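File shown here: upload.cif, holding mmCIF, C-alpha atoms.
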data_upload
loop_
_atom_site.label_atom_id
_atom_site.label_comp_id
_atom_site.auth_asym_id
_atom_site.auth_seq_id
_atom_site.Cartn_x
_atom_site.Cartn_y
_atom_site.Cartn_z
CA MET A 1 75.82 22.47 -16.52
CA ALA A 2 78.93 20.39 -16.89
CA GLY A 3 78.50 16.70 -17.43
CA HIS A 4 75.27 16.97 -19.38
CA SER A 5 76.74 16.23 -22.80
CA ASP A 6 79.12 13.85 -24.57
CA ASN A 7 81.74 16.61 -24.69
CA ASP A 8 82.65 17.05 -21.01
CA MET A 9 85.29 19.65 -20.28
CA CYS A 10 88.41 18.59 -18.40
CA LEU A 11 89.15 20.10 -15.02
CA PRO A 12 91.08 23.36 -15.28
CA THR A 13 94.53 23.64 -13.75
CA PHE A 14 95.66 26.52 -11.59
CA THR A 15 99.09 28.00 -10.91
CA ASP A 16 97.93 29.76 -7.73
CA PRO A 17 95.96 28.11 -4.90
CA VAL A 18 92.16 27.99 -5.17
CA LYS A 19 89.71 28.06 -2.27
CA VAL A 20 86.09 27.03 -2.79
CA ALA A 21 83.13 27.07 -0.40
CA ILE A 22 80.54 24.33 -0.73
CA VAL A 23 77.29 25.83 0.51
CA ILE A 24 74.73 23.12 1.24
CA ALA A 25 71.24 22.83 2.66
CA PRO A 26 71.42 19.31 4.18
CA TYR A 27 67.65 18.80 4.49
CA TYR A 28 67.74 15.21 3.19
CA THR A 29 70.75 13.60 4.87
CA LYS A 30 71.26 10.71 2.44
CA ILE A 31 71.04 13.01 -0.58
CA SER A 32 73.28 15.65 1.03
CA ASN A 33 75.97 13.13 1.89
CA ALA A 34 76.05 11.91 -1.72
CA GLN A 35 76.16 15.49 -3.04
CA LEU A 36 79.02 16.38 -0.72
CA ALA A 37 80.98 13.27 -1.72
CA SER A 38 80.55 14.10 -5.41
CA ALA A 39 81.52 17.78 -5.10
CA ARG A 40 84.41 17.09 -2.74
CA GLY A 41 85.69 14.36 -5.07
CA VAL A 42 85.90 16.79 -7.98
CA LEU A 43 87.53 19.51 -5.89
CA ASP A 44 90.04 17.05 -4.42
CA ARG A 45 90.96 15.78 -7.91
CA ALA A 46 91.59 19.38 -8.92
CA GLY A 47 93.78 19.95 -5.85
CA VAL A 48 91.47 22.68 -4.59
CA GLN A 49 91.12 23.65 -0.93
CA HIS A 50 87.47 23.61 0.14
CA GLU A 51 85.27 24.29 3.11
CA THR A 52 81.64 23.30 3.72
CA ILE A 53 79.04 25.78 4.94
CA GLU A 54 75.62 24.46 6.02
CA VAL A 55 72.44 26.54 5.81
CA PRO A 56 68.85 25.66 6.86
CA GLY A 57 67.34 25.45 3.36
CA SER A 58 67.86 26.05 -0.33
CA LEU A 59 66.40 29.56 -0.11
CA GLU A 60 69.27 30.53 2.19
CA ILE A 61 71.99 29.29 -0.17
CA PRO A 62 72.23 32.46 -2.33
CA ALA A 63 72.36 34.68 0.77
CA ALA A 64 75.12 32.56 2.31
CA VAL A 65 77.10 32.65 -0.94
CA ALA A 66 76.69 36.44 -1.13
CA LEU A 67 77.83 36.90 2.48
CA ALA A 68 80.84 34.62 2.07
CA HIS A 69 81.77 36.29 -1.21
CA ARG A 70 81.69 39.76 0.35
CA MET A 71 83.24 38.90 3.70
CA SER A 72 85.71 36.10 3.00
CA ASN A 73 88.39 35.07 0.54
CA PHE A 74 86.76 32.25 -1.44
CA ASP A 75 87.50 32.10 -5.16
CA GLY A 76 84.27 30.27 -5.95
CA PHE A 77 81.25 28.45 -4.63
CA VAL A 78 79.36 25.20 -5.12
CA ALA A 79 75.67 25.45 -4.21
CA LEU A 80 74.10 22.15 -3.15
CA GLY A 81 70.64 21.21 -1.95
CA CYS A 82 67.62 19.13 -2.82
CA VAL A 83 64.07 20.36 -3.32
CA ILE A 84 61.35 17.71 -3.73
CA ARG A 85 57.92 18.76 -4.99
CA GLY A 86 55.24 18.67 -2.34
CA ARG A 87 51.52 19.39 -2.42
CA THR A 88 51.83 23.17 -2.25
CA SER A 89 53.34 25.91 -4.38
CA HIS A 90 56.22 26.31 -1.91
CA TYR A 91 58.32 24.07 -4.21
CA ASP A 92 58.01 26.58 -7.06
CA VAL A 93 59.04 29.47 -4.82
CA VAL A 94 62.11 27.65 -3.46
CA VAL A 95 63.21 26.34 -6.86
CA ASN A 96 62.73 29.60 -8.74
CA GLU A 97 64.07 32.00 -6.12
CA SER A 98 67.16 29.96 -5.21
CA ALA A 99 68.03 29.65 -8.91
CA ARG A 100 67.37 33.36 -9.47
CA GLY A 101 69.54 34.32 -6.50
CA LEU A 102 72.44 32.19 -7.73
CA MET A 103 72.07 33.50 -11.29
CA LEU A 104 72.13 37.10 -10.08
CA LEU A 105 75.30 36.40 -8.11
CA GLY A 106 76.86 34.82 -11.20
CA LEU A 107 75.96 37.86 -13.28
CA GLN A 108 77.76 40.00 -10.69
CA GLY A 109 80.92 37.98 -11.20
CA VAL A 110 80.64 35.38 -8.44
CA ALA A 111 82.00 32.01 -9.63
CA VAL A 112 79.16 29.76 -8.46
CA GLY A 113 78.11 26.33 -9.71
CA ASN A 114 74.45 25.47 -9.09
CA GLY A 115 73.98 21.88 -7.92
CA ILE A 116 70.58 22.27 -6.28
CA ILE A 117 68.56 19.21 -7.27
CA THR A 118 64.92 19.90 -8.14
CA VAL A 119 62.84 16.72 -8.43
CA GLU A 120 59.37 15.25 -8.13
CA ASN A 121 60.12 12.49 -5.62
CA MET A 122 62.80 10.81 -3.50
CA GLU A 123 63.55 8.19 -6.17
CA GLN A 124 64.52 10.94 -8.62
CA ALA A 125 66.55 12.68 -5.90
CA GLU A 126 68.54 9.52 -5.19
CA GLU A 127 69.20 9.06 -8.92
CA ARG A 128 70.35 12.67 -9.34
CA ALA A 129 72.55 12.54 -6.23
CA ASP A 130 74.52 9.54 -7.51
CA THR A 131 78.19 10.36 -6.93
CA GLU A 132 79.12 9.08 -10.40
CA ARG A 133 76.91 11.63 -12.17
CA LEU A 134 78.53 14.86 -13.25
CA ASP A 135 75.34 16.77 -14.03
CA THR A 136 74.53 17.62 -10.42
CA ALA A 137 76.90 18.14 -7.47
CA GLY A 138 80.08 17.09 -9.27
CA GLY A 139 79.05 19.15 -12.28
CA ALA A 140 78.43 22.16 -10.08
CA ALA A 141 81.98 21.82 -8.73
CA VAL A 142 83.35 21.55 -12.29
CA ALA A 143 81.33 24.62 -13.32
CA SER A 144 82.64 26.62 -10.37
CA LEU A 145 86.23 25.70 -11.22
CA HIS A 146 85.79 26.72 -14.85
CA LEU A 147 84.30 30.06 -13.79
CA ILE A 148 87.22 30.64 -11.41
CA ALA A 149 89.64 29.88 -14.26
CA LEU A 150 87.74 32.27 -16.52
CA ALA A 151 87.83 35.03 -13.90
CA ARG A 152 91.56 34.57 -13.47
CA ARG A 153 92.05 34.62 -17.23
CA PHE A 154 90.23 37.95 -17.44
CA GLY A 155 92.27 39.54 -14.67
CA GLY A 156 91.31 37.88 -11.46
CA SER A 157 90.95 41.03 -9.40
CA LYS A 158 87.77 41.49 -7.41
CA LYS A 159 85.92 44.65 -8.26
CA THR A 160 83.64 46.41 -5.84
CA VAL A 161 79.91 46.54 -6.32
CA GLY A 162 78.11 49.81 -5.65
CA PHE A 163 79.69 53.13 -4.82
CA THR A 164 83.44 53.24 -5.33
CA GLN A 165 84.02 56.86 -4.32
CA ASP A 166 83.23 58.84 -1.20
CA ILE A 167 79.75 60.30 -1.35
CA LEU A 168 79.46 63.79 0.07
CA LEU A 169 76.59 64.21 2.50
CA ALA A 170 74.60 67.36 3.08
CA GLY A 171 74.73 68.77 6.58
CA ASP A 172 76.72 70.88 8.94
CA SER A 173 80.46 70.73 9.28
CA GLU A 174 80.30 69.18 12.79
CA GLY A 175 79.68 65.58 11.70
CA SER A 176 81.01 63.27 9.05
CA THR A 177 80.64 64.55 5.51
CA THR A 178 81.26 61.25 3.70
CA ALA A 179 79.37 57.99 3.59
#

Structure re-expressed in structure tokens:
Amino acid sequence: MAGHSDNDMCLPTFTDPVKVAIVIAPYYTKISNAQLASARGVLDRAGVQHETIEVPGSLEIPAAVALAHRMSNFDGFVALGCVIRGRTSHYDVVVNESARGLMLLGLQGVAVGNGIITVENMEQAEERADTERLDTAGGAAVASLHLIALARRFGGSKKTVGFTQDILLAGDSEGSTTA
């Protein structure tokens, strides 16, 4: 993730407008507000239009990103949330499955930066949500912008996923013969 090393990448520049969705699970208000400030600060510095989408929890973030990617015109996404370890294995499920969902979307060509904080306690969450840090929410915004720039460099056109031709269906000639 961006911001984790001494060799931070500069923000990319764009000749055409960029629109990014920040998808956040605002479970912990103080943490969420700091995450939003950090991500929005990076996007504003880059001159990028952005919109915030709230979802109930971190498990819903990948689904919301997938829906918005398929049904809207966002160039990229910043995924934000905070998962604090509790006394049950639910933490492991939320952390692993939200990360897996975002990774699968990325492998399908979705420009998504993962800024979901995964910590042991609130003290660690507050430290990781610091607006000056670039290895969480701000870094996720930087990562999304670099992936958008990369996609545009490689052609920028969205390609369909799944069937790209009509599929002939068996049946009589009375009904539709394509899917």

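When the PyMOL selection byres ((chain A and resi 52) around 9) is evaluated on the file shown here, the picked residues come out as A:Val20, A:Ala21, A:Ile22, A:Val23, A:Ile24, A:Leu36, A:His50, A:Glu51, A:Ile53, A:Glu54.
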
Can I get the selected residues back with C-alpha atoms, as a PDB file, keeping the file's coordinate frame?
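Result went into selection-v6.pdb, see below:
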ATOM      1  CA  VAL A  20      86.090  27.030  -2.790  1.00  0.00           C
ATOM      2  CA  ALA A  21      83.130  27.070  -0.400  1.00  0.00           C
ATOM      3  CA  ILE A  22      80.540  24.330  -0.730  1.00  0.00           C
ATOM      4  CA  VAL A  23      77.290  25.830   0.510  1.00  0.00           C
ATOM      5  CA  ILE A  24      74.730  23.120   1.240  1.00  0.00           C
ATOM      6  CA  LEU A  36      79.020  16.380  -0.720  1.00  0.00           C
ATOM      7  CA  HIS A  50      87.470  23.610   0.140  1.00  0.00           C
ATOM      8  CA  GLU A  51      85.270  24.290   3.110  1.00  0.00           C
ATOM      9  CA  ILE A  53      79.040  25.780   4.940  1.00  0.00           C
ATOM     10  CA  GLU A  54      75.620  24.460   6.020  1.00  0.00           C
TER      11      GLU A  54
END

**Asked** With distances taken over only C-alpha atoms, which of A:Val48, A:Val119, A:Ile61, A:Ala149 is nearest to A:Pro17?
**Response** A:Val48

**Message:** I'd like the neighbourhood of A:Ala37 as a list in words, where a residue qualifies if any of its atoms comes within 9 Å (using only C-alpha atoms), though same-chain residues fewer than 5 positions away should be ignored.
**Reply:**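 Neighbouring residues, sequence-local ones excluded: Ser32, Val42, Thr131, Ala137 and Gly138 of chain A.
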
Could you list as a PDB file with C-alpha atoms, keeping the file's coordinate frame every residue that has an atom within 12 Å of (78.3, 13.1, -9.6), using the file's coordinates and counting all atoms listed in the file?
ATOM      1  CA  MET A   1      75.820  22.470 -16.520  1.00  0.00           C
ATOM      2  CA  ALA A   2      78.930  20.390 -16.890  1.00  0.00           C
ATOM      3  CA  GLY A   3      78.500  16.700 -17.430  1.00  0.00           C
ATOM      4  CA  HIS A   4      75.270  16.970 -19.380  1.00  0.00           C
ATOM      5  CA  ILE A  31      71.040  13.010  -0.580  1.00  0.00           C
ATOM      6  CA  ASN A  33      75.970  13.130   1.890  1.00  0.00           C
ATOM      7  CA  ALA A  34      76.050  11.910  -1.720  1.00  0.00           C
ATOM      8  CA  GLN A  35      76.160  15.490  -3.040  1.00  0.00           C
ATOM      9  CA  LEU A  36      79.020  16.380  -0.720  1.00  0.00           C
ATOM     10  CA  ALA A  37      80.980  13.270  -1.720  1.00  0.00           C
ATOM     11  CA  SER A  38      80.550  14.100  -5.410  1.00  0.00           C
ATOM     12  CA  ALA A  39      81.520  17.780  -5.100  1.00  0.00           C
ATOM     13  CA  ARG A  40      84.410  17.090  -2.740  1.00  0.00           C
ATOM     14  CA  GLY A  41      85.690  14.360  -5.070  1.00  0.00           C
ATOM     15  CA  VAL A  42      85.900  16.790  -7.980  1.00  0.00           C
ATOM     16  CA  LEU A  43      87.530  19.510  -5.890  1.00  0.00           C
ATOM     17  CA  LEU A  80      74.100  22.150  -3.150  1.00  0.00           C
ATOM     18  CA  GLY A 115      73.980  21.880  -7.920  1.00  0.00           C
ATOM     19  CA  ILE A 117      68.560  19.210  -7.270  1.00  0.00           C
ATOM     20  CA  GLU A 126      68.540   9.520  -5.190  1.00  0.00           C
ATOM     21  CA  GLU A 127      69.200   9.060  -8.920  1.00  0.00           C
ATOM     22  CA  ARG A 128      70.350  12.670  -9.340  1.00  0.00           C
ATOM     23  CA  ALA A 129      72.550  12.540  -6.230  1.00  0.00           C
ATOM     24  CA  ASP A 130      74.520   9.540  -7.510  1.00  0.00           C
ATOM     25  CA  THR A 131      78.190  10.360  -6.930  1.00  0.00           C
ATOM     26  CA  GLU A 132      79.120   9.080 -10.400  1.00  0.00           C
ATOM     27  CA  ARG A 133      76.910  11.630 -12.170  1.00  0.00           C
ATOM     28  CA  LEU A 134      78.530  14.860 -13.250  1.00  0.00           C
ATOM     29  CA  ASP A 135      75.340  16.770 -14.030  1.00  0.00           C
ATOM     30  CA  THR A 136      74.530  17.620 -10.420  1.00  0.00           C
ATOM     31  CA  ALA A 137      76.900  18.140  -7.470  1.00  0.00           C
ATOM     32  CA  GLY A 138      80.080  17.090  -9.270  1.00  0.00           C
ATOM     33  CA  GLY A 139      79.050  19.150 -12.280  1.00  0.00           C
ATOM     34  CA  ALA A 140      78.430  22.160 -10.080  1.00  0.00           C
ATOM     35  CA  ALA A 141      81.980  21.820  -8.730  1.00  0.00           C
ATOM     36  CA  VAL A 142      83.350  21.550 -12.290  1.00  0.00           C
TER      37      VAL A 142
END

**Request:** Would you please work out which residue, of A:Val95, A:Cys10, A:Cys82, A:Ile148, is nearest to A:Gly113 when using all atoms listed in the file?
**Result:**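 The closest residue to A:Gly113 is A:Ile148.
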
**Request:** Could you tell me which of A:Ala64, A:Ala125, A:Leu104, A:Val18 comes closest to A:Leu145 if we count all atoms listed in the file?
**Result:**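 For A:Leu145, the nearest of the candidates is A:Val18.
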
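Across the model, the gap from atom CA of A:Ser72 to atom CA of A:Asp16 is 17.5 Å.
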
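The space separating atom CA of A:Met103 from atom CA of A:Glu123 comes to 27.2 Å.
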
**Asked** Looking at all atoms listed in the file, which of A:Leu147, A:Ala99, A:Met71, A:Ala25 is the one that sits closest to A:Pro56?
**Response** A:Ala25

**Asked** How many Å separate atom CA of A:Val55 from atom CA of A:Arg152?
**Response**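 Distance reported for this atom pair: 28.3 Å.
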
**Message:** Ranking A:Thr118, A:His146, A:Gly155, A:Gly109 by minimum distance to A:Phe14 and counting all atoms listed in the file, which one comes first?
**Reply:**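 For A:Phe14, the nearest of the candidates is A:His146.
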
If we count all atoms listed in the file, what is near A:Gly101 at a cut-off of 9 Å, once residues fewer than 6 positions away on the same chain are taken out, given as a compact mmCIF listing (two decimals) with C-alpha atoms, in the coordinates of the input?
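Output file result24.txt follows:
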# COMPACT_ATOMS: atom_id res chain seq x y z
CA LEU A 59 66.40 29.56 -0.11
CA ILE A 61 71.99 29.29 -0.17
CA PRO A 62 72.23 32.46 -2.33
CA ALA A 63 72.36 34.68 0.77

**Request:** Starting from the shown file, work through the PyMOL selection byres ((chain A and resi 94) around 10) and note down what comes out as a list in words.
**Result:**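 For this structure, the PyMOL selection byres ((chain A and resi 94) around 10) captures Gly57, Ser58, Leu59, Glu60, Val83, Ile84, Arg85, Ser89, His90, Tyr91, Asp92, Val93, Val95, Asn96, Glu97, Ser98, Ala99, Arg100 and Thr118 of chain A.
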
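Here the question is which of A:Ile116, A:Val110, A:Ala143, A:Val78 gets nearest to A:Ala66 using all atoms listed in the file, and that residue is A:Val110.
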
**Asked** Which residues come within 6 Å of A:Lys19, counting only C-alpha atoms, excluding same-chain residues fewer than 3 positions away, as a PyMOL selection string?
**Response** chain A and resi 49-50+74-75
